[in-house]
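Encoded as structure tokens, the structure appears first; notes follow it.
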Amino acid sequence: MDLKVKIGNVDMPNPVGTASGTFGFGEEYGELFDLSKLGAIYTKALTPTPREGNSVPRLAETPSGILNSIGLANPGVEKFLSDKVPFLKGLQCSVILNVSGSTEQEYIEVIEKTDHLDCINGYEINISCPNVKHGGLAFGTDPKQVENLTKKLRRLSQKPLIVKLTPNVTDISVIAKAAESGGADSVSCINTVRGMLIDTKKKKSVIPAGIAGLSGPAIRPIGVAAVYTVSRAVSVPVIGLGGIMCADDAIQYLLAGASAIQVGTGLFVDPLLPLKVLDGIKEYMEENKMNKISDFHSFII
Amino acid sequence: MDLKVKIGNVDMPNPVGTASGTFGFGEEYGELFDLSKLGAIYTKALTPTPREGNSVPRLAETPSGILNSIGLANPGVEKFLSDKVPFLKGLQCSVILNVSGSTEQEYIEVIEKTDHLDCINGYEINISCPNVKHGGLAFGTDPKQVENLTKKLRRLSQKPLIVKLTPNVTDISVIAKAAESGGADSVSCINTVRGMLIDTKKKKSVIPAGIAGLSGPAIRPIGVAAVYTVSRAVSVPVIGLGGIMCADDAIQYLLAGASAIQVGTGLFVDPLLPLKVLDGIKEYMEENKMNKISDFHSFII
Amino acid sequence: MEQFYSKVISLKNIADDYYLLDFRWNTDSIPRPGQFLTIRTTELTSPLLRRPFALSAYNGETHMASIIFQKVGNGTAILAQLQEGDILDILGPLGNSFSDYRISENGNITNHVVVAGGIGTGPMLYLADELKKTGKKPLLIIGSRTKSLVPFTVLNKEIETIICTDDGSFGFKGNVVDYLKSRSELIKKSVIYCCGPEPMLKGCHFFSVDVGSKCYVSLEQMMACGIGACMGCTCETEGKKKYTRVCKDGPVFESSEVKWT
Amino acid sequence: MEQFYSKVISLKNIADDYYLLDFRWNTDSIPRPGQFLTIRTTELTSPLLRRPFALSAYNGETHMASIIFQKVGNGTAILAQLQEGDILDILGPLGNSFSDYRISENGNITNHVVVAGGIGTGPMLYLADELKKTGKKPLLIIGSRTKSLVPFTVLNKEIETIICTDDGSFGFKGNVVDYLKSRSELIKKSVIYCCGPEPMLKGCHFFSVDVGSKCYVSLEQMMACGIGACMGCTCETEGKKKYTRVCKDGPVFESSEVKWT
Ligand SMILES: Cc1cc2nc3c(=O)[nH]c(=O)nc-3n(C[C@H](O)[C@H](O)[C@H](O)COP(=O)(O)OP(=O)(O)OC[C@H]3O[C@@H](n4cnc5c(N)ncnc54)[C@H](O)[C@@H]3O)c2cc1C
Ligand SMILES: Cc1cc2nc3c(=O)[nH]c(=O)nc-3n(C[C@H](O)[C@H](O)[C@H](O)COP(=O)(O)OP(=O)(O)OC[C@H]3O[C@@H](n4cnc5c(N)ncnc54)[C@H](O)[C@@H]3O)c2cc1C
Ligand SMILES: Cc1cc2nc3c(=O)[nH]c(=O)nc-3n(C[C@H](O)[C@H](O)[C@H](O)COP(=O)(O)O)c2cc1C
Ligand SMILES: Cc1cc2nc3c(=O)[nH]c(=O)nc-3n(C[C@H](O)[C@H](O)[C@H](O)COP(=O)(O)O)c2cc1C
Ligand code: FES
Ligand code: FES
């Protein structure tokens with residue numbers, strides 16, 4: 001059985017990754033399990049300068065989901081290079097750096113300052129974060145901007161470029177195609193869904209920033225539909241995520257057309273979930289006599 | 001305490017309604033409780049000719065949500081007039097006819113053939129159903145089409161015109177504004193969210209039509225965010241729905257800016273929910289010394 | 001039909017993963033064999049929808065009612081953990097019943113064959129009991145994969161009962177349709193009623209066509225409202241209306257009305 | 001820190017809505033006072049997140065551990081229904097502890113004032129016990145709204161304990177800060193440790209500033225990962241880093257580090 005997944009010029013050992021923002025830069029979960037068993041880790045978003053993020057509370061629970069408004073809190077490139085890279089250097093799995101910014105220039109800067117690192121195996125371009133005022137979601141909803149940004153970043157690096165899509169658009173396949181024609185090696189979807197929780201006692205949004213990002217099992221059907229739509233619109237590999245809580249959920253994504261998947265919110269509920277998902281995928285492939293991940297894509301859903 | 005809500009030229013006795021498609025034309029739930037206690041019922045979508053709807057299964061359960069793909073199954077105008085109107089004539093609450101079609105002409109036809117009925121107190125224009133191939137969602141995502149359709153329908157009737165919005169767009173406030181400038185008296189949101197569930201044993205979508213509509217508590221944060229956004233963009237009253245399962249949920253919608261709410265999927269879980277929601281709203285208003293529904297809109301969320 | 005609350009009187013495990021749940025029927029409308037109810041399994045939002053179950057017994061004097069359910073997923077797993085005294089949130093009785101057809105169309109017939117398979121056993125026990133009480137001669141045929149799935153303890157000894165197991169571990173070896181065929185001479189003078197998995201229903205239907213008996217089947221479909229309002233639970237039927245609601249127009253249909261695929 | 005499974009040894013209702021849960025600590029790293037664990041309350045998806053609770057006792061010989069929790073919502077309602085033998089899914093020990101500060105910064109001090117309020121009681125019982133065992137003189141001050149909320153049965157008689165109730169139904173009438181003020185002469189020579197609602201922590205902090213004592217507080221914040229990865233649980237601190245993670249950099253902070261608002 002061959003579990004490898006090729007994204008751009010990189011072979012991930014298996015299709016199971018951990019979603020950006022839910023896994024830090026790997027150190028914390030590294031205390032709980034052997035990260036070399038993963039296909040890839042997708043880091044917390046990185047911006048050129050440190051960001052403190054939004055005010056608290058940044059989290060709230062909703063039916064089968066959570067809202068978050070972290071606001072891209074991250075150490076910035078410099079501290080990333082000094083504090084996080086030494087740890088990442090020791091890892092066996094692919095490391096995909098999630099890149100964010102308020103301007104095109106910021107995305108460019110992150111890539112320019114990190115492209116030399118061997119321990120970074122690729123970039124996930126976060127054009128879809130609902131939790132920052134400038135940039136983020138704005139980039140992600142206009143196909144022209146998506147294509148332009150992707151083109152500019154494409155010139156800077158040979159490493160795989162994965163464009164991360166938001167579900168908060170009229171037609172996600174249009175954005176996916178724009179990323180593809182800009183030169184993306186892959187697209188990942190979905191980022192969080194715009195959502196809001198109001199504290200009726202305080203008569204205020206629970207999360208001070210107001211609208212936040214919904215993730216977790218509540219949005220899994222939205223993610224699967226997005227992957228189904230996108231994988232029929234582009235020919236680059238699609239990475240699926242959103243609400244994966246067990247192997248069966250991940251298999252839904254693969255059958256819908258994903259070549260790889262990411263576990264996000266599910267980690268908070270079951271920190272060893274990525275390993276369980278990987279085992280479950282292997283078992284399923286055995287039972288169904290599948291030899292490679294692309295075998296998932298041969299069914300008429 | 002004044003619970004009345006004015007939508008166009010109609011006074012609804014209170015803000016609690018039942019969502020289109022979950023309540024038929026009222027007869028069935030009428031066996032369980034006294035419909036005159038409701039503010040309004042929103043009927044199943046009506047099209048000029050009968051529709052059988054989609055093939056089965058039409059329903060599936062997802063985490064804290066359900067997917068449906070009913071496909072606008074309805075008796076058509078003629079049978080509506082003969083079979084349903086006699087029942088509706090006897091009702092005290094407002095009756096809002098949910099109108100659907102594959103072409104503009106079909107929407108027009110439904111209104112022309114029903115506008116003379118005293119027992120119809122208004123129209124909810126369903127431009128946002130994800131479960132039909134033509135029309136439906138297509139109308140709902142293009143602001144120009146929304147404005148044009150609303151204008152055409154506006155000429156046909158003095159009754160309140162409520163345009164029902166889909167969350168499956170990049171910016172729901174643009175569509176809401178288009179409806180408003182087309183002459184809508186109100187907008188309701190949200191309709192179901194595009195979602196999909198795959199049966200990994202059969203390697204097929206559980207629902208044969210593929211992508212279906214997600215509703216229930218899973219989408220409540222999406223609905224509240226939509227109402228919050230829309231009510232800040234338009235000056236007509238907004239009707240909020242999506243995942244209301246208790247009075248607190250409904251109050252979230254009112255605080256977010258809604259003037260009225262609808263209970264949909266929640267009816268399936270608790271058939272008497274609308275009455276409980278109404279009682280809960282009254283209690284909340286008493287505790288918070290509110291005199292009228294618009295008092296909900298005086299807080300900075 | 002009414003929504004009402006009722007305390008669990010008892011919950012018994014009666015076969016592998018099969019449970020018998022007894023409770024008081026706290027509403028006036030009397031539930032008939034084939035009718036069902038829906039139960040809300042949690043105050044939380046997952047599992048979300050109410051779960052439908054057919055009545056397996058009803059005693060008009062004591063107002064005691066029962067369902068038999070199989071633990072198959074999250075909703076029934078919650079029910080399987082109920083304790084005596086826990087509160088059930090019930091909506092019912094829903095749908096039509098075998099009795100409607102029995103009385104209106106087959107009042108004079110004496111021989112009635114009642115066929116049950118898997119989770120379809122509950123309503124057929126009730127129907128067999130009712131037939132017996134009204135002086136008819138029911139023959140109850142229960143099909144199971146294997147002996148450990150047969151709910152022996154809830155069977156009424158006064159009713160002629162045939163057990164069929166696929167693996168021959170008890171009673172007749174083979175499925176219920178095999179059994180029907182083995183006794184077609186007798187059965188063709190009877191009315192047939194069935195509840196169980198779709199292939200079984202289909203087999204019974206075509207058997208009934210062959211022998212020329214009337215046949216009634218109880219269908220299952222994913223349900224949301226359970227009362228006819230949402231159009232979610234349709235089945236394909238022959239005739240002018242392509243789709244019919246299982247929850248309201250059924251769940252019991254004359255087998256020739258159903259479009260078998 | 002490790003994820004492990006453990007059976008419920010016992011669950012007792014110890015005051016209005018307060019429960020004591022005992023279980024075996026099936027991992028090697030020893031939990032210290034102030035550290036916490038998270039529990040998954042259901043296999044289903046609602047409530048979704050693991051729930052954090054501080055350890056209220058740990059016995060290194062028997063490997064028995066305890067938490068004290070208050071039933072406030074859906075997650076704790078599920079925990080309150082646990083039966084002996086049910087399996088707990090635990091992640092811990094998490095965060096830092098009061099002991100870290102006690103040892104590194106206050107090793108020589110004899111008098112320690114341990115202040116608990118509401119659901120903050122658990123970790124402070126554990127801290128008082130530890131202080132006692134290491135030969136220090138802990139004074140435990142517990143604040144409650146009313147007498148029925150005081151967990152008398154779990155109090156250690158060998159530890160000097162003051163109960164404060166807001167309504168005066170037991171012990172000192174007033175809140176814990178009122179009590180501290182009433183005995184400021186004594187307390188200013190002590191180190192103060194607190195866990196409880198934010199206004200209480202703030203009051204203790206400003207009291208400590210007034211009398212010139214060191215003060216340590218355990219904070220609460222909504223948590224997702226509980227291990228420092230998601231940046232969801234930050235609190236505002238003084239100094240260069242505006243936000244600090246409560247789950248990893250805390251939950252215990254020197255009170256002067258915290259930005260009190
Ligand atoms: C009219 C009718 C009568 C029934 N009578 C009985 C009975 O007497 N005894 C018995 O054991 N079972 C009966 N069933 C089936 C029973 O409803 C399902 O087994 C049960 O709902 C499964 O719930 P779950 O959460 O345990 O499993 P899940 O894992 O959620 O579902 C397993 C399967 O059960 C079915 N199901 C789930 N939810 C529903 C729903 N809301 N409506 C319909 N089907 C659903 C679906 O086919 C699903 O794939 C009946 C079903 C219907 C429609
Ligand atoms: C470090 C720490 C230690 C704690 N120790 C204890 C303890 O020893 N005893 C005790 O009774 N309680 C303790 N709590 C509080 C406890 O975690 C909450 O009361 C519990 O999570 C409520 O869950 P619920 O589902 O019953 O209530 P819900 O209705 O879901 O929530 C009620 C409130 O509990 C808090 N809460 C809910 N989920 C979380 C979460 N994932 N992370 C943090 N807070 C949450 C929120 O403030 C929420 O508003 C501690 C919290 C933290 C952060
Ligand atoms: C706490 C949190 C922080 C996140 N931060 C980021 C981020 O920095 N960059 C990014 O691209 N996505 C971020 N996301 C989105 C996730 O990577 C993922 O797309 C989304 O949560 C859906 O997947 P899930 O349901 O499995 O969590 C974050 C999500 C959560 C819950
Ligand atoms: C079974 C079902 C049928 C529906 N049919 C219609 C319809 O005919 N017309 C319409 O505008 N919306 C229809 N809807 C959408 C609901 O009216 C509502 O917008 C949506 O379900 C969100 O609300 P809820 O979460 O409270 O159900 C339907 C929803 C369901 C679940
Ligand atoms: S379940 Fe709603 S019509 Fe049958
Ligand atoms: S809860 Fe994730 S960093 Fe603290």
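Quick note on naming: the chains in the structure tokens go A, B, ... in the order shown, residues restart at 1 in each chain, and ligands are numbered from 1 in order of appearance.
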task = Identify all residues of segment 10-259 of chain A in helix (DSSP H, G or I) (DSSP on the backbone) and supply them as a PyMOL selection string.
result = chain A and resi 27-30+35-37+76-89+104-114+137-141+143-154+172-181+217-231+247-256
ask   = What do you get as an MDAnalysis selection string if you pick all residues at most 6 Å from ligand 3, counting only C-alpha atoms and all ligand atoms?
value = (chainID A and resid 19:22 44:45 68 72 126 190:192 215:216 241:244 263:266) or (chainID D and resid 230)
How about saving the chosen residues, N, CA and C atoms kept, as a PDB file, in the first residue's frame?
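Generated file (again.pdb):
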```
ATOM      1  N   ALA A  19      -3.922  20.927  10.955  1.00  0.00           N
ATOM      2  CA  ALA A  19      -4.331  22.198  10.358  1.00  0.00           C
ATOM      3  C   ALA A  19      -3.661  23.402  11.018  1.00  0.00           C
ATOM      4  N   SER A  20      -3.381  24.366  10.190  1.00  0.00           N
ATOM      5  CA  SER A  20      -2.746  25.602  10.654  1.00  0.00           C
ATOM      6  C   SER A  20      -3.531  26.258  11.786  1.00  0.00           C
ATOM      7  N   GLY A  21      -2.798  26.686  12.794  1.00  0.00           N
ATOM      8  CA  GLY A  21      -3.411  27.438  13.878  1.00  0.00           C
ATOM      9  C   GLY A  21      -3.895  26.577  15.021  1.00  0.00           C
ATOM     10  N   THR A  22      -4.005  25.285  14.749  1.00  0.00           N
ATOM     11  CA  THR A  22      -4.458  24.380  15.809  1.00  0.00           C
ATOM     12  C   THR A  22      -3.289  23.589  16.374  1.00  0.00           C
ATOM     13  N   LYS A  44       1.192  27.377  12.452  1.00  0.00           N
ATOM     14  CA  LYS A  44       0.427  28.592  12.698  1.00  0.00           C
ATOM     15  C   LYS A  44       0.818  29.623  11.637  1.00  0.00           C
ATOM     16  N   ALA A  45      -0.112  30.496  11.284  1.00  0.00           N
ATOM     17  CA  ALA A  45       0.175  31.559  10.322  1.00  0.00           C
ATOM     18  C   ALA A  45       1.404  32.352  10.769  1.00  0.00           C
ATOM     19  N   ASN A  68     -13.501  30.868  16.704  1.00  0.00           N
ATOM     20  CA  ASN A  68     -12.241  31.413  17.172  1.00  0.00           C
ATOM     21  C   ASN A  68     -11.962  32.742  16.520  1.00  0.00           C
ATOM     22  N   LEU A  72      -4.476  35.774  14.232  1.00  0.00           N
ATOM     23  CA  LEU A  72      -3.135  35.511  13.689  1.00  0.00           C
ATOM     24  C   LEU A  72      -2.009  35.801  14.662  1.00  0.00           C
ATOM     25  N   ASN A 126      -2.415  31.658   3.309  1.00  0.00           N
ATOM     26  CA  ASN A 126      -3.680  31.882   4.001  1.00  0.00           C
ATOM     27  C   ASN A 126      -4.317  33.175   3.503  1.00  0.00           C
ATOM     28  N   ILE A 190     -11.441  23.607   3.808  1.00  0.00           N
ATOM     29  CA  ILE A 190     -11.831  24.994   3.931  1.00  0.00           C
ATOM     30  C   ILE A 190     -11.205  25.640   5.175  1.00  0.00           C
ATOM     31  N   ASN A 191     -11.068  26.952   5.097  1.00  0.00           N
ATOM     32  CA  ASN A 191     -10.809  27.730   6.292  1.00  0.00           C
ATOM     33  C   ASN A 191     -12.133  27.868   7.050  1.00  0.00           C
ATOM     34  N   THR A 192     -12.116  28.617   8.124  1.00  0.00           N
ATOM     35  CA  THR A 192     -13.325  28.705   8.954  1.00  0.00           C
ATOM     36  C   THR A 192     -14.457  29.481   8.260  1.00  0.00           C
ATOM     37  N   SER A 215     -15.416  26.473  13.186  1.00  0.00           N
ATOM     38  CA  SER A 215     -14.736  25.240  12.770  1.00  0.00           C
ATOM     39  C   SER A 215     -15.325  24.069  13.540  1.00  0.00           C
ATOM     40  N   GLY A 216     -14.837  22.884  13.226  1.00  0.00           N
ATOM     41  CA  GLY A 216     -15.298  21.694  13.933  1.00  0.00           C
ATOM     42  C   GLY A 216     -16.359  20.926  13.154  1.00  0.00           C
ATOM     43  N   LEU A 241     -10.128  19.810   4.515  1.00  0.00           N
ATOM     44  CA  LEU A 241     -10.219  19.916   5.973  1.00  0.00           C
ATOM     45  C   LEU A 241     -11.494  20.631   6.370  1.00  0.00           C
ATOM     46  N   GLY A 242     -11.799  20.496   7.647  1.00  0.00           N
ATOM     47  CA  GLY A 242     -13.019  21.071   8.202  1.00  0.00           C
ATOM     48  C   GLY A 242     -13.784  19.998   8.940  1.00  0.00           C
ATOM     49  N   GLY A 243     -13.676  20.000  10.262  1.00  0.00           N
ATOM     50  CA  GLY A 243     -14.519  19.120  11.062  1.00  0.00           C
ATOM     51  C   GLY A 243     -14.171  17.658  11.077  1.00  0.00           C
ATOM     52  N   ILE A 244     -12.960  17.301  10.724  1.00  0.00           N
ATOM     53  CA  ILE A 244     -12.608  15.877  10.754  1.00  0.00           C
ATOM     54  C   ILE A 244     -12.438  15.419  12.206  1.00  0.00           C
ATOM     55  N   VAL A 263      -6.247  17.666  10.081  1.00  0.00           N
ATOM     56  CA  VAL A 263      -7.057  17.608  11.294  1.00  0.00           C
ATOM     57  C   VAL A 263      -6.825  18.900  12.067  1.00  0.00           C
ATOM     58  N   GLY A 264      -7.895  19.615  12.393  1.00  0.00           N
ATOM     59  CA  GLY A 264      -7.748  20.872  13.120  1.00  0.00           C
ATOM     60  C   GLY A 264      -8.402  20.800  14.482  1.00  0.00           C
ATOM     61  N   THR A 265      -9.608  21.347  14.571  1.00  0.00           N
ATOM     62  CA  THR A 265     -10.354  21.364  15.823  1.00  0.00           C
ATOM     63  C   THR A 265     -10.418  19.989  16.492  1.00  0.00           C
ATOM     64  N   GLY A 266     -10.441  18.934  15.690  1.00  0.00           N
ATOM     65  CA  GLY A 266     -10.475  17.575  16.231  1.00  0.00           C
ATOM     66  C   GLY A 266      -9.325  17.284  17.189  1.00  0.00           C
TER      67      GLY A 266
ATOM     68  N   CYS D 230      -2.753  26.610  20.515  1.00  0.00           N
ATOM     69  CA  CYS D 230      -3.751  27.306  19.688  1.00  0.00           C
ATOM     70  C   CYS D 230      -3.840  28.804  19.937  1.00  0.00           C
TER      71      CYS D 230
END
```
Please build the interface table for chain C against ligand 4 with a cut-off of 10 Å, listing for each qualifying residue the nearest atom pair and the distance in Å to one decimal; count only C-alpha atoms and all ligand atoms, order rows by chain and increasing number, and write it as JSON lines.
```
{"residue": "C:Met223", "atom": "CA", "partner": "ligand 4", "partner_atom_place_in_ligand_line": "1 (C)", "distance": 9.7}
{"residue": "C:Ala224", "atom": "CA", "partner": "ligand 4", "partner_atom_place_in_ligand_line": "1 (C)", "distance": 7.4}
{"residue": "C:Cys225", "atom": "CA", "partner": "ligand 4", "partner_atom_place_in_ligand_line": "1 (C)", "distance": 8.4}
{"residue": "C:Ala229", "atom": "CA", "partner": "ligand 4", "partner_atom_place_in_ligand_line": "1 (C)", "distance": 8.6}
{"residue": "C:Cys230", "atom": "CA", "partner": "ligand 4", "partner_atom_place_in_ligand_line": "1 (C)", "distance": 5.0}
{"residue": "C:Met231", "atom": "CA", "partner": "ligand 4", "partner_atom_place_in_ligand_line": "1 (C)", "distance": 6.9}
{"residue": "C:Gly232", "atom": "CA", "partner": "ligand 4", "partner_atom_place_in_ligand_line": "1 (C)", "distance": 6.0}
{"residue": "C:Cys233", "atom": "CA", "partner": "ligand 4", "partner_atom_place_in_ligand_line": "1 (C)", "distance": 9.7}
```
Show me, as a tab-separated table (two decimals) with N, CA and C atoms, in the first residue's frame, the residues that have an atom within 8 Å of segment 54-56 of chain A when counting only C-alpha atoms, minus same-chain residues fewer than 6 positions from it.
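See around-v1.tsv below for the written result:
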```
chain	number	residue	atom	x	y	z
A	69	SER	N	-11.26	33.56	17.27
A	69	SER	CA	-10.82	34.84	16.76
A	69	SER	C	-9.45	35.10	17.36
A	70	ILE	N	-8.50	34.27	16.93
A	70	ILE	CA	-7.15	34.37	17.46
A	70	ILE	C	-6.50	35.64	16.90
A	71	GLY	N	-6.84	35.95	15.66
A	71	GLY	CA	-6.27	37.16	15.07
A	71	GLY	C	-4.82	36.98	14.67
A	73	ALA	N	-2.29	35.66	15.97
A	73	ALA	CA	-1.22	35.81	16.95
A	73	ALA	C	-0.03	34.92	16.55
A	207	ILE	N	-17.33	36.90	21.60
A	207	ILE	CA	-15.98	37.24	21.14
A	207	ILE	C	-15.97	38.72	20.79
A	208	PRO	N	-15.10	39.50	21.48
A	208	PRO	CA	-15.17	40.96	21.33
A	208	PRO	C	-15.07	41.44	19.88
A	209	ALA	N	-14.31	40.69	19.05
A	209	ALA	CA	-14.15	41.13	17.67
A	209	ALA	C	-15.45	41.01	16.87
D	233	CYS	N	-6.27	30.94	24.67
D	233	CYS	CA	-6.58	31.16	26.09
D	233	CYS	C	-5.74	32.25	26.73
D	234	THR	N	-5.35	33.23	25.95
D	234	THR	CA	-4.41	34.21	26.48
D	234	THR	C	-5.02	35.12	27.54
D	235	CYS	N	-4.15	35.70	28.36
D	235	CYS	CA	-4.57	36.75	29.29
D	235	CYS	C	-3.61	37.91	29.08
```
key: chain A contacts on chain B, only C-alpha atoms, 7 Å, as a ChimeraX atom specification   = /B:63-64,141,168-170,194-198,200,203-205,211,217-218,221-222,224-225,248,251-252,255,299-301
request  = Determine which residues of chain D sit within 10 Å of chain B, taking into account only C-alpha atoms, and present them as a count of residues only.
outcome  = 3
request  = Kindly give the distance, in Å, that separates atom CA of Asn26 of chain D and atom 35 (C, counted along the ligand's line) of ligand 2, rounded to a single decimal.
outcome  =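 About the pair atom CA of Asn26 of chain D and atom 35 (C, counted along the ligand's line) of ligand 2: they are 25.9 Å apart.
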message = Give me, as number ranges by chain, the residues of chain C touching chain D, with the criterion being at most 12 Å (counting only C-alpha atoms).
response = C: 42-48, 73-75, 77-78, 81, 83
request  = Within 8 Å of Asn291 of chain B, counting only C-alpha atoms, which residues show up once you throw out same-chain ones fewer than 4 positions away? Write them as an NGL selection string, please.
outcome  = :B and (1-2 or 285-286 or 295)
inquiry  = Between C:Thr38, C:Thr110, C:Ser255, C:Ser10, which residue has the minimum interatomic distance to Gly92 of chain C, considering only C-alpha atoms?
reply    =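 Smallest separation from Gly92 of chain C among the options: C:Thr38.
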key: Within 8 Å of Lys71 of chain C using only C-alpha atoms, minus same-chain residues under 2 positions, as number ranges by chain   = C: 17-19, 69, 73, 76-77, 80
